[in-house]
$ cat input.cif   # mmCIF, C-alpha atoms
data_structure
loop_
_atom_site.label_atom_id
_atom_site.label_comp_id
_atom_site.auth_asym_id
_atom_site.auth_seq_id
_atom_site.Cartn_x
_atom_site.Cartn_y
_atom_site.Cartn_z
CA SER A 373 -30.26 -26.44 23.82
CA LEU A 374 -29.53 -23.49 21.59
CA LEU A 375 -30.16 -19.83 22.34
CA LEU A 376 -30.81 -16.73 20.15
CA ALA A 377 -30.18 -13.06 21.31
CA ARG A 378 -30.75 -9.76 19.61
CA LEU A 379 -28.26 -6.88 19.58
CA LEU A 380 -30.26 -3.85 20.59
CA GLY A 381 -29.10 -0.31 20.02
CA ALA A 382 -29.62 -0.07 16.26
CA ASP A 383 -32.42 -0.54 13.81
CA LEU A 384 -32.39 -3.95 12.22
CA ASP A 385 -30.64 -3.80 8.86
CA ARG A 386 -31.91 -5.98 6.02
CA SER A 387 -28.52 -7.73 5.96
CA HIS A 388 -29.37 -9.15 9.41
CA VAL A 389 -32.15 -11.24 7.92
CA VAL A 390 -30.44 -14.64 7.98
CA ALA A 391 -31.82 -17.70 6.22
CA LEU A 392 -32.07 -20.90 8.22
CA GLU A 393 -31.33 -24.20 6.49
CA THR A 394 -32.31 -27.10 8.71
CA ASN A 395 -34.81 -29.92 8.47
CA SER A 396 -36.46 -29.00 11.71
CA TYR A 397 -37.54 -26.00 13.69
CA LEU A 398 -35.68 -23.90 16.17
CA ILE A 399 -37.06 -22.17 19.21
CA GLY A 400 -35.46 -18.86 19.94
CA LEU A 401 -35.52 -16.38 22.75
CA TYR A 402 -35.51 -12.75 21.66
CA LEU A 403 -33.03 -11.26 24.12
CA LEU A 404 -30.79 -8.29 24.57
CA ALA A 405 -27.05 -8.73 24.09
CA GLN A 406 -24.05 -6.55 24.83
CA ILE A 407 -23.89 -3.71 22.34
CA SER A 408 -20.53 -3.04 20.78
CA LYS A 409 -18.53 0.07 21.55
CA SER A 410 -18.63 1.07 17.91
CA MET A 411 -22.43 1.19 17.99
CA ALA A 412 -22.38 3.06 21.31
CA SER A 413 -20.19 5.75 19.79
CA TYR A 414 -22.20 5.88 16.54
CA GLY A 415 -23.73 9.28 17.24
CA GLN A 416 -20.36 10.83 18.04
CA GLN A 417 -19.00 9.83 14.64
CA GLN A 418 -21.74 11.56 12.67
CA ASN A 419 -21.72 15.17 11.55
CA PRO A 420 -23.99 17.64 13.40
CA LEU A 421 -26.69 17.69 10.71
CA LEU A 422 -27.05 13.90 10.66
CA ARG A 423 -27.15 13.84 14.46
CA LEU A 424 -29.98 16.37 14.27
CA PHE A 425 -32.08 14.72 11.57
CA GLY A 426 -30.79 11.13 11.60
CA PRO A 427 -32.08 8.15 13.64
CA ARG A 428 -31.57 8.23 17.37
CA ARG A 429 -29.13 5.63 18.68
CA PRO A 430 -29.34 4.83 22.41
CA ASN A 431 -25.98 4.86 24.20
CA TYR A 432 -25.75 1.75 26.36
CA GLN A 433 -22.04 2.09 27.08
CA ASN A 434 -22.47 3.39 30.63
CA SER A 435 -25.97 2.07 31.28
CA PRO A 436 -26.66 -0.30 34.19
CA ASP A 437 -27.31 -4.00 33.69
CA ARG A 438 -30.62 -4.80 32.05
CA VAL A 439 -32.97 -7.59 33.05
CA ILE A 440 -34.91 -9.54 30.41
CA TYR A 441 -38.19 -11.19 31.38
CA VAL A 442 -38.81 -14.25 29.22
CA ASN A 443 -42.17 -14.13 27.46
CA ASP A 444 -43.39 -11.27 29.66
CA PRO A 445 -43.98 -8.25 27.36
CA ILE A 446 -45.55 -6.08 30.05
CA LYS A 447 -42.43 -6.05 32.25
CA ASN A 448 -40.12 -5.70 29.24
CA GLN A 449 -42.08 -2.74 27.86
CA ALA A 450 -41.40 -0.84 31.07
CA GLN A 451 -37.70 -0.81 30.16
CA SER A 452 -38.25 0.89 26.77
CA PHE A 453 -36.25 -1.52 24.63
CA LEU A 454 -35.73 -0.66 20.98
CA HIS A 455 -38.43 -1.79 18.55
CA ASN A 456 -37.88 -4.50 15.96
CA SER A 457 -39.00 -2.47 12.95
CA ILE A 458 -36.31 -1.89 10.33
CA SER A 459 -35.77 1.34 8.41
CA THR A 460 -33.22 1.62 5.61
CA GLY A 461 -34.66 4.78 4.04
CA LYS A 462 -32.54 7.92 3.97
CA TYR A 463 -35.32 10.49 4.13
CA ASN A 464 -38.80 11.25 5.40
CA PRO A 465 -41.13 14.10 4.36
CA PHE A 466 -39.79 16.38 7.10
CA THR A 467 -36.05 15.85 6.62
CA PHE A 468 -35.76 15.40 2.86
CA LEU A 469 -35.12 19.04 1.97
CA PHE A 470 -32.50 19.60 4.67
CA LYS A 471 -30.64 16.32 4.24
CA PHE A 472 -30.74 16.48 0.45
CA ALA A 473 -29.43 20.06 0.40
CA TYR A 474 -26.67 19.18 2.84
CA GLU A 475 -25.66 16.12 0.81
CA GLN A 476 -25.60 17.97 -2.51
CA PHE A 477 -23.80 21.08 -1.33
CA SER A 478 -21.22 19.01 0.49
CA LYS A 479 -19.86 18.45 -3.01
CA TYR A 480 -17.46 21.24 -3.91
CA ALA A 481 -18.59 21.39 -7.53
CA ASN A 482 -22.21 22.11 -6.59
CA LEU A 483 -21.13 24.59 -3.94
CA PHE A 484 -18.88 26.36 -6.45
CA PHE A 485 -21.61 26.73 -9.08
CA LEU A 486 -24.08 27.88 -6.43
CA PHE A 487 -21.67 30.61 -5.35
CA ILE A 488 -21.05 31.67 -8.96
CA GLY A 489 -24.79 31.63 -9.67
CA LEU A 490 -25.48 33.90 -6.69
CA ILE A 491 -22.72 36.31 -7.68
CA MET A 492 -24.20 36.52 -11.19
CA GLN A 493 -27.50 37.73 -9.74
CA VAL A 494 -25.89 41.01 -8.73
CA PRO A 495 -26.93 43.63 -11.35
CA ASP A 496 -24.18 44.96 -13.69
CA LEU A 497 -21.61 42.63 -12.16
CA SER A 498 -21.62 39.84 -14.72
CA PRO A 499 -21.35 40.41 -18.50
CA VAL A 500 -23.23 37.17 -19.26
CA ASN A 501 -26.81 36.09 -18.65
CA ARG A 502 -27.53 36.12 -14.93
CA PHE A 503 -29.37 32.79 -15.20
CA GLY A 504 -26.66 31.04 -17.20
CA THR A 505 -25.37 29.13 -14.17
CA ILE A 506 -28.20 28.98 -11.67
CA VAL A 507 -30.72 27.44 -14.10
CA PRO A 508 -28.52 24.49 -15.21
CA LEU A 509 -27.58 23.87 -11.57
CA SER A 510 -31.24 23.87 -10.58
CA ILE A 511 -32.08 21.38 -13.34
CA VAL A 512 -29.30 19.04 -12.19
CA LEU A 513 -30.40 19.27 -8.56
CA ALA A 514 -34.05 18.70 -9.49
CA ALA A 515 -33.18 15.59 -11.50
CA THR A 516 -31.04 14.29 -8.64
CA ALA A 517 -33.85 14.95 -6.17
CA VAL A 518 -36.34 12.98 -8.28
CA LYS A 519 -33.90 10.06 -8.47
CA GLU A 520 -33.33 10.14 -4.70
CA ILE A 521 -37.07 10.21 -4.02
CA ILE A 522 -37.75 7.24 -6.30
CA GLU A 523 -34.97 5.18 -4.73
CA ASP A 524 -36.01 6.08 -1.20
CA VAL A 525 -39.65 5.18 -1.87
CA LYS A 526 -38.46 1.74 -3.02
CA ARG A 527 -36.45 1.34 0.18
CA HIS A 528 -39.45 2.27 2.33
CA ARG A 529 -41.65 -0.22 0.44
CA GLN A 530 -39.09 -2.98 0.94
CA ASP A 531 -38.89 -2.11 4.65
CA ALA A 532 -42.68 -2.29 4.95
CA GLU A 533 -42.69 -5.69 3.23
CA VAL A 534 -40.04 -7.09 5.58
CA ASN A 535 -41.68 -5.60 8.68
CA ALA A 536 -45.01 -7.16 7.69
CA ARG A 537 -43.67 -10.73 7.54
CA PHE A 538 -44.97 -13.22 10.09
CA VAL A 539 -43.13 -15.36 12.62
CA LYS A 540 -44.54 -17.76 15.21
CA THR A 541 -44.22 -16.55 18.81
CA LEU A 542 -45.14 -18.36 22.00
CA ARG A 543 -48.32 -17.19 23.71
CA GLY A 544 -49.38 -19.40 26.58
CA SER A 545 -48.90 -22.94 25.32
CA ASP A 546 -49.34 -22.20 21.61
CA PHE A 547 -47.29 -20.54 18.90
CA VAL A 548 -49.25 -17.78 17.19
CA PRO A 549 -48.30 -15.67 14.11
CA LYS A 550 -46.86 -12.24 14.81
CA ARG A 551 -45.49 -9.61 12.46
CA TRP A 552 -41.76 -9.00 12.55
CA ARG A 553 -42.18 -5.36 13.55
CA GLU A 554 -44.20 -6.46 16.60
CA VAL A 555 -41.58 -8.91 17.93
CA GLU A 556 -40.39 -7.71 21.32
CA VAL A 557 -37.47 -8.36 23.62
CA GLY A 558 -38.08 -11.57 25.54
CA ASP A 559 -40.36 -13.17 22.92
CA ILE A 560 -39.84 -16.86 22.27
CA VAL A 561 -40.04 -17.49 18.53
CA ARG A 562 -40.19 -20.66 16.46
CA ILE A 563 -38.22 -20.79 13.23
CA GLU A 564 -39.16 -23.45 10.68
CA ASN A 565 -36.96 -24.98 8.00
CA SER A 566 -35.67 -22.38 5.49
CA ASP A 567 -37.32 -19.51 7.38
CA PHE A 568 -35.64 -16.15 7.86
CA PHE A 569 -34.72 -14.79 11.26
CA PRO A 570 -36.93 -11.84 12.30
CA ALA A 571 -34.23 -10.45 14.60
CA ASP A 572 -30.89 -11.28 16.23
CA LEU A 573 -31.70 -14.32 18.35
CA ILE A 574 -30.26 -16.75 20.88
CA LEU A 575 -30.96 -20.40 20.09
CA LEU A 576 -32.79 -22.18 22.88
CA SER A 577 -33.34 -25.62 21.40
CA SER A 578 -33.42 -27.60 18.19
CA SER A 579 -35.22 -30.77 17.16
CA GLU A 580 -32.05 -31.96 15.42
CA PRO A 581 -29.96 -34.66 17.14
CA ASP A 582 -27.45 -33.19 19.60
CA ALA A 583 -29.24 -29.80 19.23
CA LEU A 584 -27.42 -29.04 15.98
CA ALA A 585 -28.49 -26.20 13.66
CA TYR A 586 -27.24 -25.19 10.24
CA ILE A 587 -27.53 -21.52 9.40
CA GLU A 588 -26.84 -19.76 6.12
CA THR A 589 -25.13 -16.40 6.66
CA SER A 590 -24.77 -15.38 3.02
CA ASN A 591 -26.84 -12.24 3.64
CA LEU A 592 -24.21 -11.15 6.17
CA ASP A 593 -20.88 -12.18 4.68
CA GLY A 594 -21.68 -13.74 1.32
CA LEU A 595 -20.67 -17.18 2.60
CA ALA A 596 -22.69 -20.14 3.87
CA CYS A 597 -21.75 -21.98 7.03
#
$ encode --input "input.cif" --output "structure tokens"
Amino acid sequence: SLLLARLLGADLDRSHVVALETNSYLIGLYLLAQISKSMASYGQQQNPLLRLFGPRRPNYQNSPDRVIYVNDPIKNQAQSFLHNSISTGKYNPFTFLFKFAYEQFSKYANLFFLFIGLIMQVPDLSPVNRFGTIVPLSIVLAATAVKEIIEDVKRHRQDAEVNARFVKTLRGSDFVPKRWREVEVGDIVRIENSDFFPADLILLSSSEPDALAYIETSNLDGLAC
């Protein structure tokens, strides 16, 4: 038999969507695996502003052992495992202004022209037009903001499309369709030929002889195996 297990502790990145190339189906168990130390220390590596407005990353480094109940969502929900919804967007309506301003004024050129523009607002201090620097800087920042918004909207739409895909999960004695964002820890899923994985999984079984499975990992490393 083959098993499938999910790494919890981070939102599922689109690169984790792995294509399956096999002439049969696989049955997978959606489980929790040991999170890496690099993911556990993710929040410590970020700057204070990103820690304030960025996604929350649970720290499992010193947490006690966790128990997974196979195909029992009620018991698993009591442990508050991370959801399966992916999010690759940089902003939301509440954090856009703060994160965008931080990102832009982290660049020394923008910070320099902002400082010069503010100095020029002091009456009788500058011999040139007081708006000669602040207006061009504002135009550049406005154009950059529009570009960032357009790109982020595309990312959110792609996330919604991926999250809305269906996968077959075991309920009772039948496999029923379930959206990717609704897949939970402990779910048993069935992957058909050429389907994409909805999460990090542990293979339980395969209909191939000797329980073999062939998986394409080009979305992860650019190579097929």
$ closest_atom_pairs --input "input.cif" --of "region 511-576 of chain A" --to "region 453-473 of chain A" --cutoff "10 Å" --atoms "all atoms listed in the file" --output "Markdown table"
| residue | atom | partner | partner_atom | distance |
| --- | --- | --- | --- | --- |
| A:Leu513 | CA | A:Ala473 | CA | 9.0 |
| A:Thr516 | CA | A:Phe472 | CA | 9.4 |
| A:Ala517 | CA | A:Phe472 | CA | 7.5 |
| A:Glu520 | CA | A:Phe472 | CA | 8.6 |
| A:Ile521 | CA | A:Tyr463 | CA | 8.3 |
| A:Glu523 | CA | A:Gly461 | CA | 8.8 |
| A:Asp524 | CA | A:Gly461 | CA | 5.6 |
| A:Val525 | CA | A:Gly461 | CA | 7.7 |
| A:Lys526 | CA | A:Gly461 | CA | 8.6 |
| A:Arg527 | CA | A:Gly461 | CA | 5.5 |
| A:His528 | CA | A:Gly461 | CA | 5.7 |
| A:Arg529 | CA | A:Gly461 | CA | 9.3 |
| A:Gln530 | CA | A:Thr460 | CA | 8.8 |
| A:Asp531 | CA | A:Ser459 | CA | 6.0 |
| A:Ala532 | CA | A:Ile458 | CA | 8.3 |
| A:Val534 | CA | A:Ile458 | CA | 8.0 |
| A:Asn535 | CA | A:Ser457 | CA | 5.9 |
| A:Ala536 | CA | A:Ser457 | CA | 9.3 |
| A:Arg551 | CA | A:Ser457 | CA | 9.7 |
| A:Trp552 | CA | A:Asn456 | CA | 6.9 |
| A:Arg553 | CA | A:Ser457 | CA | 4.3 |
| A:Glu554 | CA | A:Asn456 | CA | 6.6 |
| A:Val555 | CA | A:Asn456 | CA | 6.1 |
| A:Glu556 | CA | A:Asn456 | CA | 6.7 |
| A:Val557 | CA | A:Phe453 | CA | 7.0 |
| A:Pro570 | CA | A:Asn456 | CA | 8.3 |
| A:Ala571 | CA | A:Asn456 | CA | 7.1 |
| A:Asp572 | CA | A:Asn456 | CA | 9.7 |
$ resolve_selection --input "input.cif" --expression "the PyMOL selection byres ((chain A and resi 507) around 12)" --output "list in words"
Phe485, Leu486, Ile488, Gly489, Leu490, Met492, Gln493, Asn501, Arg502, Phe503, Gly504, Thr505, Ile506, Pro508, Leu509, Ser510, Ile511, Val512, Leu513 and Ala514 of chain A
$ closest_residue --input "input.cif" --among "A:Lys550, A:Ala481, A:Phe538, A:Ala583" --to "Phe568 (chain A)" --atoms "all atoms listed in the file"
A:Phe538
$ atom_distance --input "input.cif" --atom1 "CA of Tyr586 (chain A)" --atom2 "CA of Ser566 (chain A)"
10.1 Å
$ atom_distance --input "input.cif" --atom1 "CA of Val539 (chain A)" --atom2 "CA of Asn565 (chain A)"
12.3 Å
$ atom_distance --input "input.cif" --atom1 "CA of Ile563 (chain A)" --atom2 "CA of Gln451 (chain A)"
26.2 Å
$ residues_around --input "input.cif" --residues "Lys540 (chain A)" --least-positions-apart "4" --cutoff "7 Å" --atoms "only C-alpha atoms" --output "VMD selection string"
chain A and resid 547 to 550 561 to 562
$ closest_residue --input "input.cif" --among "A:Leu576, A:Asn482, A:Asp496, A:Thr541" --to "Asp559 (chain A)" --atoms "only C-alpha atoms"
A:Thr541
